[in-house]
Amino acid sequence: MTEQSSTIEPAYRLAEERFARLGVSTEQAVAKLATVSISIHCWQGDDVGGFENMGQEIGGGLAVTGNYPGKARTPEELRRDFEKATSLIPGKHRLNLHASYAETGGRRVERDALGPEHFGNWIAWAKEQNLGLDFNQTYFAHPKAADGFTLAHPDPGIRRFWIDHGIRCRQIGAAFGRELGKTCLTNLWIPDGMKDTPADRRGPRERLVEALDAVFAQEIDTRLNVDSVEGKLFGIGSESYVVGSHEFYLGYAISRRKLLCLDAGHFHPTETIADKISSVLLYLPQIALHVSRGVRWDSDHVVTLTDELQSIAQELVRGNYLDRVRIGLDYFDASINRLAAWVIGARNMLKALLKAMLEPAERLRRLEEEGDYTSRLALQEEARTLPFGAVWDFYCHTSGVPVGEDWLAEVKRYERDVLSKRT
Ligand code: RNT
Ligand code: ZN
């Protein structure tokens with residue numbers, strides 16, 4: 001037993017007692033956390049590169065900065081990195097793939113011709129790992145998206161190409177669901193927008209609605225695949241107008257019974273998605289989240305344990321929404337070790353959820369009902385420093401993953417033995 005592990009259990013027992021005094025069961029919290037499955041994005045592993053090797057810029061307003069050595073160059077490397085990273089994250093999670101991660105055996109397969117066969121290795125590996133897969137159409141990093149328009153493109157031929165891509169991807173999602181026995185979420189996000197003030201905001205939106213209806217025309221068994229649509233406020237190159245705005249997709253999702261995907265970086269800088277969850281879930285049975293961290297803009301920094309993350313987690317837990325929300329991560333940082341970026345973000349998401357599960361929720365609710373806002377604020381602030389870290393350590397320990405910063409040594413070893421050999 002290491003020195004660290006000998007203190008975990010006693011620290012946990014003290015914390016258990018402390019929380020019990022507030023009417024909170026640490027045991028229940030830990031058991032609940034173990035049921036949460038986070039959709040971890042493949043694209044942190046290779047800077048949103050994918051494996052099409054078209055020499056195309058990523059585009060779509062997505063910007064990955066940094067050139068930390070060791071990025072995955074092949075699907076095998078990416079899978080190996082993901083396995084390593086997830087061995088350092090407690091719980092059982094999912095992998096979120098993009099269409100551009102297809103394996104076409106060196107042949108050029110157009111995006112409107114992709115099928116489940118191009119994801120055979122991913123499926124086989126996911127089966128072996130007992131991993132659920134989620135999916136995304138890739139509407140960027142492509143010559144037909146280079147002018148900033150895809151599904152809302154004025155050219156019907158280009159629109160058709162992207163509609164077919166959308167259709168193909170839903171079928172791939174359904175194949176994931178069927179093969180793995182776990183419902184796939186296929187998330188649709190497009191970059192379409194304008195750098196400068198448009199003369200016509202209406203036209204592209206009318207085209208988009210029609211194109212989306214064509215993408216979703218085929219009924220797919222919702223046990224196999226469900227779809228979400230992700231809006232955005234602005235992007236690099238679409239500062240003045242984004243066709244698929246929040247209002248656009250809110251209306252679309254509600255009227256077409258799709259999931260709405262809320263990305264934490266896709267709103268005004270002081271606007272947070274936490275407050276939207278309980279509203280949107282009045283009208284939709286399920287939603288999806290892209291948990292991200294914008295720094296001054298939609299910069300997709302690694303998710304850290306911020307107040308914003310905490311309030312998202314609190315909303316999910318307080319509202320009892322965990323079974324109606326598909327939590328996904330969406331960030332990409334190429335300036336630090338990419339496995340560490342995965343581990344830090346995923347562990348933070350889980351920490352935030354655990355902290356929310358350990359909230360003296362009943363007591364806070366009662367105080368609010370009684371109109372005692374003084375005590376509510378006092379208790380909320382005291383709750384911040386309750387010994388949640390001891391519960392988190394205990395959860396990591398009993399889940400068989402490194403406790404505290406110990407995971408970093410594993411990443412450093414992997415960097416030395418594996419990543420540093422990639423040139
Ligand atoms: C872009 C969206 C989208 C992408 C991924 C790679 O602003 O957030 O979700 O980040 O599809
Ligand atoms: Zn996103």
# chains A, B, ... in the order shown; residues from 1 in each chain; ligands from 1

$ residues_near_ligand --ligand "ligand 1" --cutoff "8 Å" --atoms "only C-alpha atoms and all ligand atoms" --output "PyMOL selection string"
chain A and resi 43+48+60-62+98+136-138+187-191+230+232+235+263+265-266+290+298+300+330-331

$ write_last_selection --atoms "C-alpha atoms" --output "short mmCIF file (atom, residue, chain, number, x, y, z; two decimals), in the first residue's frame"
data_model
loop_
_atom_site.label_atom_id
_atom_site.label_comp_id
_atom_site.auth_asym_id
_atom_site.auth_seq_id
_atom_site.Cartn_x
_atom_site.Cartn_y
_atom_site.Cartn_z
CA TRP A 43 -10.70 15.03 -31.83
CA VAL A 48 -9.37 17.65 -35.16
CA GLY A 60 -15.11 26.04 -40.51
CA GLY A 61 -13.86 28.64 -38.06
CA LEU A 62 -12.25 25.96 -35.90
CA HIS A 98 -16.31 12.45 -36.44
CA ASN A 136 -20.79 13.59 -36.00
CA GLN A 137 -21.15 14.60 -39.59
CA THR A 138 -18.03 16.49 -40.71
CA ASN A 187 -24.64 15.39 -33.75
CA LEU A 188 -24.98 17.79 -36.62
CA TRP A 189 -23.11 21.06 -36.63
CA ILE A 190 -22.40 23.18 -39.71
CA PRO A 191 -20.19 26.25 -40.00
CA GLU A 230 -25.92 22.25 -32.52
CA LYS A 232 -23.72 28.70 -32.56
CA GLY A 235 -17.22 31.73 -35.52
CA ASP A 263 -22.20 23.93 -26.55
CA GLY A 265 -18.79 28.11 -25.98
CA HIS A 266 -21.54 29.01 -28.40
CA HIS A 290 -20.85 20.01 -25.55
CA ASP A 298 -15.29 30.23 -28.28
CA ASP A 300 -12.39 25.45 -26.83
CA ASP A 330 -15.77 19.47 -26.95
CA TYR A 331 -12.38 21.13 -26.77
#

$ residues_around --residues "Ser420 of chain A" --least-positions-apart "4" --cutoff "12 Å" --atoms "only C-alpha atoms" --output "mmCIF file with N, CA and C atoms, in the first residue's frame"
data_model
loop_
_atom_site.group_PDB
_atom_site.id
_atom_site.type_symbol
_atom_site.label_atom_id
_atom_site.label_comp_id
_atom_site.auth_asym_id
_atom_site.auth_seq_id
_atom_site.Cartn_x
_atom_site.Cartn_y
_atom_site.Cartn_z
ATOM 1 N N TYR A 68 2.399 20.701 -29.658
ATOM 2 C CA TYR A 68 2.973 19.772 -28.701
ATOM 3 C C TYR A 68 3.277 18.456 -29.426
ATOM 4 N N PRO A 69 4.442 17.885 -29.201
ATOM 5 C CA PRO A 69 4.786 16.667 -29.946
ATOM 6 C C PRO A 69 3.917 15.461 -29.556
ATOM 7 N N GLY A 70 3.864 14.496 -30.459
ATOM 8 C CA GLY A 70 3.279 13.195 -30.124
ATOM 9 C C GLY A 70 1.845 12.985 -30.527
ATOM 10 N N LYS A 71 1.305 13.832 -31.398
ATOM 11 C CA LYS A 71 -0.114 13.641 -31.740
ATOM 12 C C LYS A 71 -0.319 12.340 -32.530
ATOM 13 N N ALA A 72 -1.487 11.753 -32.344
ATOM 14 C CA ALA A 72 -1.807 10.501 -33.026
ATOM 15 C C ALA A 72 -1.835 10.741 -34.530
ATOM 16 N N ASN A 337 0.182 18.102 -23.580
ATOM 17 C CA ASN A 337 0.023 16.665 -23.835
ATOM 18 C C ASN A 337 -1.458 16.364 -24.072
ATOM 19 N N VAL A 411 0.861 9.400 -17.547
ATOM 20 C CA VAL A 411 0.878 10.110 -18.832
ATOM 21 C C VAL A 411 2.313 10.431 -19.228
ATOM 22 N N LYS A 412 3.114 10.822 -18.253
ATOM 23 C CA LYS A 412 4.528 11.148 -18.538
ATOM 24 C C LYS A 412 5.284 9.904 -19.005
ATOM 25 N N ARG A 413 4.972 8.773 -18.379
ATOM 26 C CA ARG A 413 5.635 7.534 -18.793
ATOM 27 C C ARG A 413 5.239 7.202 -20.233
ATOM 28 N N TYR A 414 3.961 7.343 -20.528
ATOM 29 C CA TYR A 414 3.456 7.064 -21.878
ATOM 30 C C TYR A 414 4.084 8.028 -22.887
ATOM 31 N N GLU A 415 4.250 9.253 -22.457
ATOM 32 C CA GLU A 415 4.872 10.237 -23.345
ATOM 33 C C GLU A 415 6.301 9.821 -23.680
ATOM 34 N N ARG A 416 7.000 9.358 -22.650
ATOM 35 C CA ARG A 416 8.394 8.953 -22.848
ATOM 36 C C ARG A 416 8.464 7.693 -23.725
#

$ residues_around --residues "Leu133 of chain A" --least-positions-apart "4" --cutoff "9 Å" --atoms "only C-alpha atoms" --output "NGL selection string"
:A and (39 or 94-97 or 122-123 or 126 or 173 or 176-177 or 180 or 182-185)

$ closest_residue --among "A:Ala11, A:Leu282, A:Ala34, A:Val291" --to "ligand 2" --atoms "only C-alpha atoms and all ligand atoms"
A:Val291

$ residues_around --residues "Gly404 of chain A" --least-positions-apart "2" --cutoff "10 Å" --atoms "only C-alpha atoms" --output "PyMOL selection string"
chain A and resi 4+389-390+392-394+396-397+401-402+406-408

$ write_last_selection --atoms "N, CA and C atoms" --output "PDB file, in the first residue's frame"
ATOM      1  N   GLN A   4      -0.075   7.194  -0.041  1.00  0.00           N
ATOM      2  CA  GLN A   4      -1.308   7.846  -0.490  1.00  0.00           C
ATOM      3  C   GLN A   4      -2.539   6.989  -0.190  1.00  0.00           C
ATOM      4  N   GLY A 389     -13.086  16.490  -1.924  1.00  0.00           N
ATOM      5  CA  GLY A 389     -11.875  15.867  -2.485  1.00  0.00           C
ATOM      6  C   GLY A 389     -11.626  14.476  -1.927  1.00  0.00           C
ATOM      7  N   ALA A 390     -11.966  14.287  -0.665  1.00  0.00           N
ATOM      8  CA  ALA A 390     -11.753  12.971  -0.047  1.00  0.00           C
ATOM      9  C   ALA A 390     -12.689  11.936  -0.668  1.00  0.00           C
ATOM     10  N   TRP A 392     -13.917  12.164  -3.776  1.00  0.00           N
ATOM     11  CA  TRP A 392     -13.411  11.981  -5.141  1.00  0.00           C
ATOM     12  C   TRP A 392     -12.228  10.996  -5.140  1.00  0.00           C
ATOM     13  N   ASP A 393     -11.302  11.192  -4.217  1.00  0.00           N
ATOM     14  CA  ASP A 393     -10.144  10.285  -4.135  1.00  0.00           C
ATOM     15  C   ASP A 393     -10.596   8.849  -3.895  1.00  0.00           C
ATOM     16  N   PHE A 394     -11.555   8.720  -3.002  1.00  0.00           N
ATOM     17  CA  PHE A 394     -12.069   7.392  -2.668  1.00  0.00           C
ATOM     18  C   PHE A 394     -12.721   6.752  -3.903  1.00  0.00           C
ATOM     19  N   CYS A 396     -12.041   7.403  -7.077  1.00  0.00           N
ATOM     20  CA  CYS A 396     -10.973   7.026  -8.017  1.00  0.00           C
ATOM     21  C   CYS A 396     -10.317   5.734  -7.555  1.00  0.00           C
ATOM     22  N   HIS A 397     -10.008   5.692  -6.282  1.00  0.00           N
ATOM     23  CA  HIS A 397      -9.329   4.529  -5.703  1.00  0.00           C
ATOM     24  C   HIS A 397     -10.158   3.265  -5.903  1.00  0.00           C
ATOM     25  N   VAL A 401      -8.540   3.621 -10.632  1.00  0.00           N
ATOM     26  CA  VAL A 401      -7.751   4.588 -11.408  1.00  0.00           C
ATOM     27  C   VAL A 401      -6.903   5.408 -10.435  1.00  0.00           C
ATOM     28  N   PRO A 402      -5.823   6.010 -10.947  1.00  0.00           N
ATOM     29  CA  PRO A 402      -4.928   6.743 -10.052  1.00  0.00           C
ATOM     30  C   PRO A 402      -5.644   7.847  -9.261  1.00  0.00           C
ATOM     31  N   ASP A 406      -1.563  11.419  -9.277  1.00  0.00           N
ATOM     32  CA  ASP A 406      -0.801  10.224  -9.669  1.00  0.00           C
ATOM     33  C   ASP A 406      -0.980   9.843 -11.139  1.00  0.00           C
ATOM     34  N   TRP A 407      -2.111  10.227 -11.722  1.00  0.00           N
ATOM     35  CA  TRP A 407      -2.331   9.867 -13.132  1.00  0.00           C
ATOM     36  C   TRP A 407      -1.305  10.521 -14.051  1.00  0.00           C
ATOM     37  N   LEU A 408      -0.785  11.662 -13.603  1.00  0.00           N
ATOM     38  CA  LEU A 408       0.139  12.413 -14.449  1.00  0.00           C
ATOM     39  C   LEU A 408       1.420  11.629 -14.714  1.00  0.00           C
TER      40      LEU A 408
END

$ closest_residue --among "A:Gly237, A:Pro143, A:Gly91, A:Pro116" --to "Thr197 of chain A" --atoms "only C-alpha atoms"
A:Gly237

$ select_by_dssp --residues "segment 236-415 of chain A" --states "strand (DSSP E or B)" --output "list in words"
Ser238, Tyr241, Val242, Leu259, Leu260, Cys261, Leu262, Asp263, Ile287, Ala288, Leu289, His290, Val291, Arg293, Gly294, Val295, Trp297, Asp298, Ser299, Asp300, His301, Val325, Arg326, Ile327, Gly328 and Leu329 of chain A

$ write_last_selection --atoms "C-alpha atoms" --output "short mmCIF file (atom, residue, chain, number, x, y, z; two decimals), in the first residue's frame"
data_model
loop_
_atom_site.label_atom_id
_atom_site.label_comp_id
_atom_site.auth_asym_id
_atom_site.auth_seq_id
_atom_site.Cartn_x
_atom_site.Cartn_y
_atom_site.Cartn_z
CA SER A 238 -18.75 33.98 -39.50
CA TYR A 241 -24.10 35.87 -39.17
CA VAL A 242 -24.44 32.18 -38.41
CA LEU A 259 -32.11 16.67 -29.46
CA LEU A 260 -30.72 20.16 -29.06
CA CYS A 261 -26.98 20.24 -28.45
CA LEU A 262 -25.89 23.11 -26.22
CA ASP A 263 -22.20 23.93 -26.55
CA ILE A 287 -30.76 17.18 -24.99
CA ALA A 288 -27.02 16.94 -25.54
CA LEU A 289 -24.21 19.05 -24.14
CA HIS A 290 -20.85 20.01 -25.55
CA VAL A 291 -18.99 20.93 -22.42
CA ARG A 293 -14.44 26.34 -22.05
CA GLY A 294 -14.25 29.57 -23.94
CA VAL A 295 -11.56 32.04 -22.96
CA TRP A 297 -14.20 33.72 -27.22
CA ASP A 298 -15.29 30.23 -28.28
CA SER A 299 -11.70 29.04 -27.91
CA ASP A 300 -12.39 25.45 -26.83
CA HIS A 301 -9.88 25.37 -23.98
CA VAL A 325 -28.90 14.70 -21.03
CA ARG A 326 -26.11 13.22 -23.14
CA ILE A 327 -23.00 14.85 -21.76
CA GLY A 328 -20.20 15.28 -24.27
CA LEU A 329 -16.90 17.12 -24.19
#

$ closest_residue --among "A:Ala141, A:Leu379, A:Leu233, A:Ala274" --to "ligand 2" --atoms "only C-alpha atoms and all ligand atoms"
A:Leu233

$ select_by_dssp --residues "segment 274-390 of chain A" --states "helix (DSSP H, G or I)" --output "PyMOL selection string"
chain A and resi 274-283+307-318+322-324+338-357+361-369+373-383+388-390

$ atom_distance --atom1 "atom CA of Arg256 of chain A" --atom2 "atom CA of Ala99 of chain A"
23.3 Å

$ residues_around --residues "Arg347 of chain A" --least-positions-apart "2" --cutoff "10 Å" --atoms "only C-alpha atoms" --output "PyMOL selection string"
chain A and resi 86+88-91+303-305+341-345+349-353+392+396

$ write_last_selection --atoms "N, CA and C atoms" --output "compact mmCIF listing (two decimals), in the first residue's frame"
# COMPACT_ATOMS: atom_id res chain seq x y z
N THR A 86 -8.38 6.84 -21.04
CA THR A 86 -9.58 6.43 -20.30
C THR A 86 -9.23 5.50 -19.14
N LEU A 88 -7.30 6.28 -17.02
CA LEU A 88 -6.99 7.22 -15.93
C LEU A 88 -8.22 8.03 -15.51
N ILE A 89 -9.36 7.65 -16.08
CA ILE A 89 -10.62 8.35 -15.80
C ILE A 89 -11.58 7.35 -15.16
N PRO A 90 -12.10 7.63 -13.97
CA PRO A 90 -13.00 6.64 -13.36
C PRO A 90 -14.33 6.54 -14.11
N GLY A 91 -14.90 5.35 -14.14
CA GLY A 91 -16.21 5.15 -14.77
C GLY A 91 -16.08 4.61 -16.18
N VAL A 303 -11.49 21.76 -20.45
CA VAL A 303 -12.48 22.01 -19.39
C VAL A 303 -11.81 21.99 -18.01
N THR A 304 -11.95 23.07 -17.29
CA THR A 304 -11.42 23.13 -15.92
C THR A 304 -12.58 23.26 -14.94
N LEU A 305 -12.25 23.15 -13.67
CA LEU A 305 -13.32 23.12 -12.66
C LEU A 305 -13.76 24.54 -12.30
N ALA A 341 -4.86 16.38 -21.68
CA ALA A 341 -6.01 17.25 -21.95
C ALA A 341 -7.31 16.46 -21.81
N TRP A 342 -7.33 15.26 -22.36
CA TRP A 342 -8.51 14.40 -22.22
C TRP A 342 -8.80 14.12 -20.75
N VAL A 343 -7.75 13.70 -20.05
CA VAL A 343 -7.91 13.26 -18.66
C VAL A 343 -8.36 14.43 -17.78
N ILE A 344 -7.74 15.57 -17.94
CA ILE A 344 -8.08 16.73 -17.11
C ILE A 344 -9.54 17.12 -17.33
N GLY A 345 -9.94 17.23 -18.58
CA GLY A 345 -11.30 17.66 -18.88
C GLY A 345 -12.35 16.67 -18.39
N MET A 349 -15.15 17.15 -15.41
CA MET A 349 -16.60 16.99 -15.60
C MET A 349 -17.15 16.09 -14.49
N LEU A 350 -16.46 15.00 -14.22
CA LEU A 350 -16.93 14.06 -13.19
C LEU A 350 -16.85 14.68 -11.80
N LYS A 351 -15.77 15.40 -11.54
CA LYS A 351 -15.63 16.07 -10.24
C LYS A 351 -16.79 17.04 -10.01
N ALA A 352 -17.11 17.80 -11.06
CA ALA A 352 -18.19 18.78 -10.92
C ALA A 352 -19.51 18.07 -10.62
N LEU A 353 -19.72 16.93 -11.27
CA LEU A 353 -20.96 16.18 -11.03
C LEU A 353 -20.97 15.63 -9.60
N TRP A 392 -13.92 12.16 -3.78
CA TRP A 392 -13.41 11.98 -5.14
C TRP A 392 -12.23 11.00 -5.14
N CYS A 396 -12.04 7.40 -7.08
CA CYS A 396 -10.97 7.03 -8.02
C CYS A 396 -10.32 5.73 -7.56
